[in-house]
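Below: one structure, written as structure tokens.
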Amino acid sequence: MSGTMGVMACGAAAMLLLTLGLRDATTVRRLHRHGIRTRGVVVDNVRVRSGDSGPTWAPVIAFADRRGHRVEFTTRMRGSGMNLPTGREVPVVYLAHDPQAARVLMWRHMTGPVVFLLAGSAIFLSFGVTIVLL
């Protein structure tokens with residue numbers, strides 16, 4: 001009985017992460033095809049989580065959309081190597097109808113979340129398969 005519950009839990013987690021990963025991949029594809037490209041500036045780095053390994057910082061990017069409104073967003077990809085120094089100018093891409101969903105137009109910030117979600121899905125799926133085989 002506990003094996004069945006483990007398989008179901010791992011399967012549900014894998015499906016959730018797979019769904020989120022595919023949704024994020026669709027967003028990235030839409031940004032590449034229909035996104036408006038502009039330049040933004042890193043205006044701040046904010047603490048988003050404090051753990052055993054120390055605080056995690058996320059850059060806050062500001063840019064002007066087509067209408068001239070100032071838009072600020074925080075990158076989705078966080079962790080070591082993902083920080084951007086304050087004052088740095090970065091390429092930004094956003095959809096005209098949703099500038100708040102902008103992303104920094106760098107490989108690690110565009111596809112990083114997709115890769116981690118799909119990798120997490122694969123890990124949970126492999127745990128479920130392992131439980132079935134044992």
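Chain lettering (A, B, ...) mirrors the order of the structure tokens, residue numbering begins at 1 for each chain separately, and ligand numbering begins at 1 in order of display.
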### Task
For Ala13 (chain A), list every protein, DNA or RNA residue within 10 Å, evaluated using only C-alpha atoms, and leave out those in the same chain fewer than 2 positions away; present the list as a PyMOL selection string.
chain A and resi 7-11+15-19+120-125+128
For the selection you just gave me, I'd like the residues written to a file as a compact mmCIF listing (two decimals), in the first residue's frame, keeping C-alpha atoms.
# COMPACT_ATOMS: atom_id res chain seq x y z
CA VAL A 7 4.27 6.00 -6.87
CA MET A 8 1.19 8.22 -6.87
CA ALA A 9 2.99 11.02 -5.00
CA CYS A 10 6.03 10.86 -7.29
CA GLY A 11 3.81 10.69 -10.37
CA MET A 15 3.20 15.71 -13.72
CA LEU A 16 2.98 19.04 -11.88
CA LEU A 17 6.60 19.92 -12.65
CA LEU A 18 6.22 18.73 -16.25
CA THR A 19 3.12 20.89 -16.71
CA GLY A 120 12.81 17.97 -11.48
CA SER A 121 10.01 16.22 -13.34
CA ALA A 122 12.42 13.60 -14.66
CA ILE A 123 13.83 13.02 -11.17
CA PHE A 124 10.40 12.46 -9.63
CA LEU A 125 9.44 10.22 -12.53
CA GLY A 128 8.34 6.57 -9.16
### Task
Just list the residues in chain A DSSP gives alpha helix (DSSP H) on the backbone, as a ChimeraX atom specification.
/A:2-34,107-110,112-133
### Message
Which residue is closest to Met110 (chain A)? Choose from A:Val48, A:Ala96, A:Met77, A:Ala64 and count only C-alpha atoms.
### Response
A:Met77
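Closest to Leu22 (chain A) among A:Val71, A:Leu105, A:Leu117, A:Ile36 is A:Leu117, based on only C-alpha atoms.
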### Query
Which of these residues is nearest to His109 (chain A), using only C-alpha atoms: A:Ala62, A:Leu134, A:Val129, A:Leu84?
A:Leu84
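Taking only C-alpha atoms, the non-local environment of Val90 (chain A) within 9 Å (same-chain residues fewer than 2 positions away omitted) comprises Thr38, Arg39, Gly40, Val41, Val42, Ile61, Leu84, Arg88, Val92, Val104, Leu105 and Met106 of chain A.
Among A:Leu133, A:Ala101, A:Val93, A:Val114, the residue with the shortest atom-to-atom distance to Leu31 (chain A), counting only C-alpha atoms, is A:Val93.
Shortest atom-to-atom contact with Arg66 (chain A) among A:Asp44, A:Gly35, A:Asn83, A:Gly21: A:Gly35, counting only C-alpha atoms.
Note that CA of Pro59 (chain A) and CA of Phe116 (chain A) are 19.1 Å apart.
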### Task
as a ChimeraX atom specification, please: all residues of chain A that backbone DSSP puts in strand (DSSP E).
/A:36-51,54-64,70-74,89-95,98-104
